[in-house]
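Asks: File entry07.tsv follows (TSV, C-alpha atoms):
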```tsv
chain	number	residue	atom	x	y	z
A	1	MET	CA	54.51	-91.26	-27.44
A	2	ILE	CA	52.18	-91.22	-24.46
A	3	LEU	CA	48.80	-92.71	-23.64
A	4	GLY	CA	45.94	-90.36	-23.05
A	5	LYS	CA	42.19	-90.20	-22.70
A	6	VAL	CA	40.09	-87.73	-24.66
A	7	ILE	CA	38.01	-85.78	-22.14
A	8	GLY	CA	36.57	-83.04	-24.29
A	9	ASN	CA	36.89	-80.84	-27.32
A	10	VAL	CA	37.79	-77.23	-27.96
A	11	VAL	CA	36.00	-75.06	-30.51
A	12	SER	CA	38.00	-72.27	-32.12
A	13	THR	CA	37.11	-70.13	-35.15
A	14	ILE	CA	39.99	-67.70	-35.14
A	15	LYS	CA	43.23	-69.65	-35.26
A	16	LEU	CA	46.39	-69.95	-37.32
A	17	PRO	CA	45.54	-71.11	-40.87
A	18	ILE	CA	47.61	-74.28	-40.42
A	19	PHE	CA	45.05	-75.56	-37.85
A	20	GLN	CA	42.20	-75.22	-40.36
A	21	GLY	CA	40.32	-78.51	-40.74
A	22	TYR	CA	41.80	-80.21	-37.70
A	23	LYS	CA	39.85	-81.04	-34.56
A	24	ILE	CA	41.37	-79.86	-31.28
A	25	LEU	CA	40.75	-82.25	-28.38
A	26	LEU	CA	41.44	-82.07	-24.66
A	27	VAL	CA	43.59	-85.02	-23.62
A	28	GLN	CA	44.27	-86.23	-20.10
A	29	PRO	CA	47.52	-88.24	-20.00
A	30	ILE	CA	47.04	-91.65	-18.33
A	31	ASN	CA	49.38	-94.34	-17.00
A	32	ASP	CA	49.40	-98.05	-17.85
A	33	LYS	CA	46.51	-98.68	-15.42
A	34	GLU	CA	44.45	-95.98	-17.16
A	35	GLU	CA	44.68	-93.66	-14.15
A	36	PRO	CA	44.95	-89.92	-14.88
A	37	GLN	CA	48.46	-88.59	-14.63
A	38	GLY	CA	49.62	-84.97	-14.98
A	39	LYS	CA	48.04	-81.92	-16.56
A	40	THR	CA	45.65	-81.99	-19.50
A	41	VAL	CA	46.90	-80.90	-22.91
A	42	LEU	CA	45.28	-79.81	-26.15
A	43	ALA	CA	46.08	-82.05	-29.10
A	44	LEU	CA	45.35	-81.94	-32.83
A	45	ASP	CA	43.33	-84.94	-33.96
A	46	THR	CA	44.31	-86.89	-37.08
A	47	VAL	CA	42.37	-90.12	-36.49
A	48	GLN	CA	38.83	-88.91	-35.70
A	49	ALA	CA	39.01	-89.81	-32.02
A	50	GLY	CA	36.07	-88.98	-29.76
A	51	VAL	CA	35.38	-88.21	-26.12
A	52	GLY	CA	36.13	-91.24	-23.92
A	53	ASP	CA	38.60	-92.83	-26.32
A	54	ASN	CA	42.02	-93.89	-25.11
A	55	VAL	CA	44.49	-92.50	-27.60
A	56	LEU	CA	48.12	-92.52	-28.60
A	57	VAL	CA	49.56	-89.02	-28.38
A	58	ILE	CA	52.77	-87.61	-29.85
A	59	ASP	CA	54.19	-84.76	-27.76
A	60	GLU	CA	57.14	-83.91	-29.94
A	61	GLY	CA	57.45	-81.26	-32.62
A	62	ASN	CA	59.45	-82.91	-35.39
A	63	SER	CA	57.21	-85.99	-35.56
A	64	SER	CA	54.12	-83.80	-35.70
A	65	ARG	CA	55.54	-81.65	-38.49
A	66	LEU	CA	56.34	-84.82	-40.40
A	67	ILE	CA	52.74	-86.01	-40.07
A	68	MET	CA	51.40	-82.61	-41.19
A	69	ASN	CA	53.87	-82.73	-44.09
A	70	ASN	CA	54.94	-79.17	-43.32
A	71	PRO	CA	58.41	-78.51	-41.88
A	72	MET	CA	57.28	-75.13	-40.49
A	73	ALA	CA	54.01	-76.14	-38.80
A	74	PRO	CA	53.82	-74.76	-35.24
A	75	VAL	CA	52.38	-78.01	-33.88
A	76	ARG	CA	53.70	-80.29	-31.17
A	77	THR	CA	50.92	-82.39	-29.64
A	78	MET	CA	48.98	-84.71	-31.92
A	79	ILE	CA	46.68	-87.71	-31.59
A	80	VAL	CA	47.99	-90.40	-33.92
A	81	GLY	CA	46.08	-93.50	-32.88
A	82	ILE	CA	43.10	-94.90	-30.99
A	83	VAL	CA	44.11	-97.51	-28.41
A	84	ASP	CA	42.02	-100.68	-28.37
A	85	LEU	CA	43.85	-102.55	-25.65
A	86	VAL	CA	46.77	-102.08	-23.29
A	87	LYS	CA	48.22	-105.32	-21.97
A	88	THR	CA	50.69	-105.25	-19.12
A	89	THR	CA	52.16	-108.15	-17.20
A	90	GLU	CA	51.11	-106.53	-13.94
A	91	LYS	CA	47.47	-106.46	-15.03
A	92	LYS	CA	47.60	-110.09	-16.06
A	93	ASP	CA	48.90	-111.10	-12.63
A	94	LYS	CA	46.07	-109.22	-10.98
A	95	GLU	CA	43.47	-110.90	-13.17
A	96	ASN	CA	44.88	-114.28	-12.25
A	97	GLY	CA	44.71	-113.40	-8.58
A	98	ARG	CA	48.46	-113.58	-8.07
B	1	MET	CA	49.01	-76.78	-26.57
B	2	LYS	CA	47.53	-75.34	-23.39
B	3	LEU	CA	44.62	-73.12	-22.43
B	4	GLY	CA	45.01	-69.61	-21.09
B	5	LYS	CA	43.12	-66.40	-20.49
B	6	VAL	CA	44.29	-62.95	-21.60
B	7	ILE	CA	44.50	-60.79	-18.48
B	8	GLY	CA	46.45	-57.82	-19.83
B	9	ASN	CA	48.88	-56.53	-22.37
B	10	VAL	CA	52.54	-55.71	-22.22
B	11	VAL	CA	53.89	-52.59	-23.92
B	12	CYS	CA	57.52	-52.75	-24.84
B	13	THR	CA	59.39	-50.21	-27.00
B	14	GLN	CA	62.90	-51.54	-26.81
B	15	LYS	CA	62.78	-55.14	-27.97
B	16	VAL	CA	64.49	-57.61	-30.26
B	17	ASP	CA	64.09	-56.64	-33.94
B	18	SER	CA	62.23	-59.84	-34.78
B	19	PHE	CA	59.50	-58.86	-32.28
B	20	GLN	CA	58.70	-55.59	-34.12
B	21	GLY	CA	54.97	-55.35	-34.78
B	22	ILE	CA	54.12	-58.26	-32.53
B	23	LYS	CA	51.66	-57.80	-29.69
B	24	LEU	CA	52.66	-59.14	-26.28
B	25	LEU	CA	49.89	-60.29	-23.97
B	26	LEU	CA	49.78	-61.34	-20.34
B	27	LEU	CA	48.26	-64.81	-20.02
B	28	GLN	CA	46.90	-66.69	-17.04
B	29	PRO	CA	47.22	-70.46	-17.67
B	30	LEU	CA	43.96	-72.39	-17.17
B	31	ASN	CA	43.09	-76.02	-16.65
B	32	GLU	CA	40.37	-77.95	-18.52
B	33	LYS	CA	37.68	-76.57	-16.19
B	34	LEU	CA	38.95	-73.06	-16.99
B	35	GLU	CA	40.26	-72.62	-13.45
B	36	GLU	CA	43.44	-70.64	-12.99
B	37	ILE	CA	46.63	-72.64	-12.52
B	38	GLY	CA	50.15	-71.35	-11.97
B	39	GLU	CA	51.63	-67.93	-12.52
B	40	PRO	CA	50.79	-65.51	-15.36
B	41	VAL	CA	53.11	-65.56	-18.39
B	42	VAL	CA	53.81	-63.26	-21.34
B	43	ALA	CA	53.05	-64.60	-24.82
B	44	CYS	CA	53.30	-63.32	-28.41
B	45	ASP	CA	49.97	-62.85	-30.17
B	46	THR	CA	49.23	-63.97	-33.75
B	47	VAL	CA	45.43	-63.94	-33.76
B	48	GLN	CA	44.58	-60.46	-32.41
B	49	ALA	CA	43.27	-61.77	-29.10
B	50	GLY	CA	41.86	-59.24	-26.66
B	51	LEU	CA	41.34	-58.83	-22.95
B	52	ASN	CA	39.43	-61.71	-21.26
B	53	ASP	CA	39.64	-63.97	-24.33
B	54	ILE	CA	40.29	-67.66	-23.70
B	55	VAL	CA	43.11	-68.74	-25.99
B	56	PHE	CA	45.32	-71.72	-26.67
B	57	TYR	CA	49.06	-71.33	-26.83
B	58	GLU	CA	52.18	-73.33	-27.52
B	59	GLY	CA	55.66	-73.12	-26.05
B	60	GLY	CA	59.14	-74.11	-27.17
B	61	ARG	CA	60.30	-74.19	-30.79
B	62	GLU	CA	56.73	-74.35	-32.02
B	63	ALA	CA	56.16	-70.92	-30.47
B	64	ALA	CA	58.80	-69.45	-32.77
B	65	LEU	CA	57.33	-71.24	-35.80
B	66	GLY	CA	53.93	-69.72	-35.04
B	67	LEU	CA	55.07	-66.20	-35.92
B	68	LYS	CA	55.37	-65.00	-39.52
B	69	ASN	CA	59.13	-64.64	-39.37
B	70	TRP	CA	60.20	-68.01	-37.98
B	71	PHE	CA	63.65	-66.87	-36.85
B	72	ASN	CA	62.66	-65.24	-33.56
B	73	PRO	CA	63.23	-65.84	-29.87
B	74	SER	CA	59.56	-66.39	-28.90
B	75	ASP	CA	58.99	-68.74	-25.99
B	76	LEU	CA	55.18	-68.72	-25.94
B	77	THR	CA	52.83	-67.92	-28.82
B	78	ILE	CA	49.04	-67.68	-28.88
B	79	MET	CA	47.76	-69.87	-31.72
B	80	GLY	CA	44.00	-69.38	-31.56
B	81	ILE	CA	41.00	-67.96	-29.73
B	82	VAL	CA	38.79	-70.51	-28.00
B	83	ASP	CA	35.04	-70.17	-28.50
B	84	GLN	CA	33.96	-73.10	-26.38
B	85	VAL	CA	35.41	-75.94	-24.30
B	86	ASN	CA	33.23	-79.04	-24.06
B	87	ILE	CA	34.04	-81.66	-21.45
B	88	GLY	CA	32.30	-85.00	-21.92
B	89	GLU	CA	30.81	-87.36	-19.32
```
When written as structure tokens, how does the structure in this file appear?
Replies:
Amino acid sequence: MILGKVIGNVVSTIKLPIFQGYKILLVQPINDKEEPQGKTVLALDTVQAGVGDNVLVIDEGNSSRLIMNNPMAPVRTMIVGIVDLVKTTEKKDKENGR
Amino acid sequence: MKLGKVIGNVVCTQKVDSFQGIKLLLLQPLNEKLEEIGEPVVACDTVQAGLNDIVFYEGGREAALGLKNWFNPSDLTIMGIVDQVNIGE
């Protein structure tokens, strides 16, 4: 799983039937300091995330198919959680002025 | 999934049997601002996309699963036509 930030959404009417009813969001992968890292990806939303949210993203096919409960779903990237807080030891040291 | 723009089509008579009846399109990958990135690629079409359409596509095993007959050697498959991309903030 990777951390990402939702930066936008994608509207699509004509798509494979399996995508029907799912939101497609633009996700910018971020590192532990919430800095952008790498290319943006499109992800299916399962948790009603919105623009600006930090999210948990699965970028692996088998896990996504399991979540969609369909072993033949052509889906790889999915948003599976909204991140409230990321705590790292490095950040804590910085806050304490060390 | 990634964004791309259809910039042409590829006609191919001699191809693998599992590709019979499947349209091949030339795609230019795009970033979130719809600017061109990287080199054009060839992708299988499932949604009857046309020239200049913005589409989203998937690679890897999911590309094969996107076609009707799942047992095929597709590497990239177009999954939908994009109407609009909204970027917040």
Asks: Can you tell me, as a ChimeraX atom specification, what residues are no more than 10 Å from Lys68 of chain B when counting only C-alpha atoms, ignoring any on the same chain fewer than 5 positions away?
Replies: /B:18,22,46
Asks: Name all residues at most 8 Å from Val11 of chain A (count only C-alpha atoms; drop same-chain ones fewer than 2 positions away) and give them as a PyMOL selection string.
Replies: (chain A and resi 9+13+24) or (chain B and resi 82-85)
Asks: Provide as a list in words the residues of chain A at most 9 Å from chain B, counting only C-alpha atoms.
Replies: Val6, Ile7, Gly8, Asn9, Val10, Val11, Ser12, Thr13, Ile14, Lys15, Leu16, Phe19, Leu26, Lys39, Thr40, Val41, Leu42, Ala43, Leu44, Val51, Gly52, Gly61, Met72, Ala73, Pro74, Val75, Arg76 and Thr77 of chain A
Asks: I'd like the neighbourhood of Val57 of chain A as a ChimeraX atom specification, where a residue qualifies if any of its atoms comes within 7 Å (using only C-alpha atoms), though same-chain residues fewer than 6 positions away should be ignored.
Replies: /A:1-4,77-80
Asks: Atom CA of Leu34 of chain B and atom CA of Gly4 of chain B are how many Å apart?
Replies: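 Separation between atom CA of Leu34 of chain B and atom CA of Gly4 of chain B: 8.1 Å.
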Asks: Could you check how far atom CA of Val41 of chain B sits from atom CA of Ser63 of chain A, in Å to one decimal?
Replies: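 Answer for the atom CA of Val41 of chain B to atom CA of Ser63 of chain A separation: 27.0 Å.
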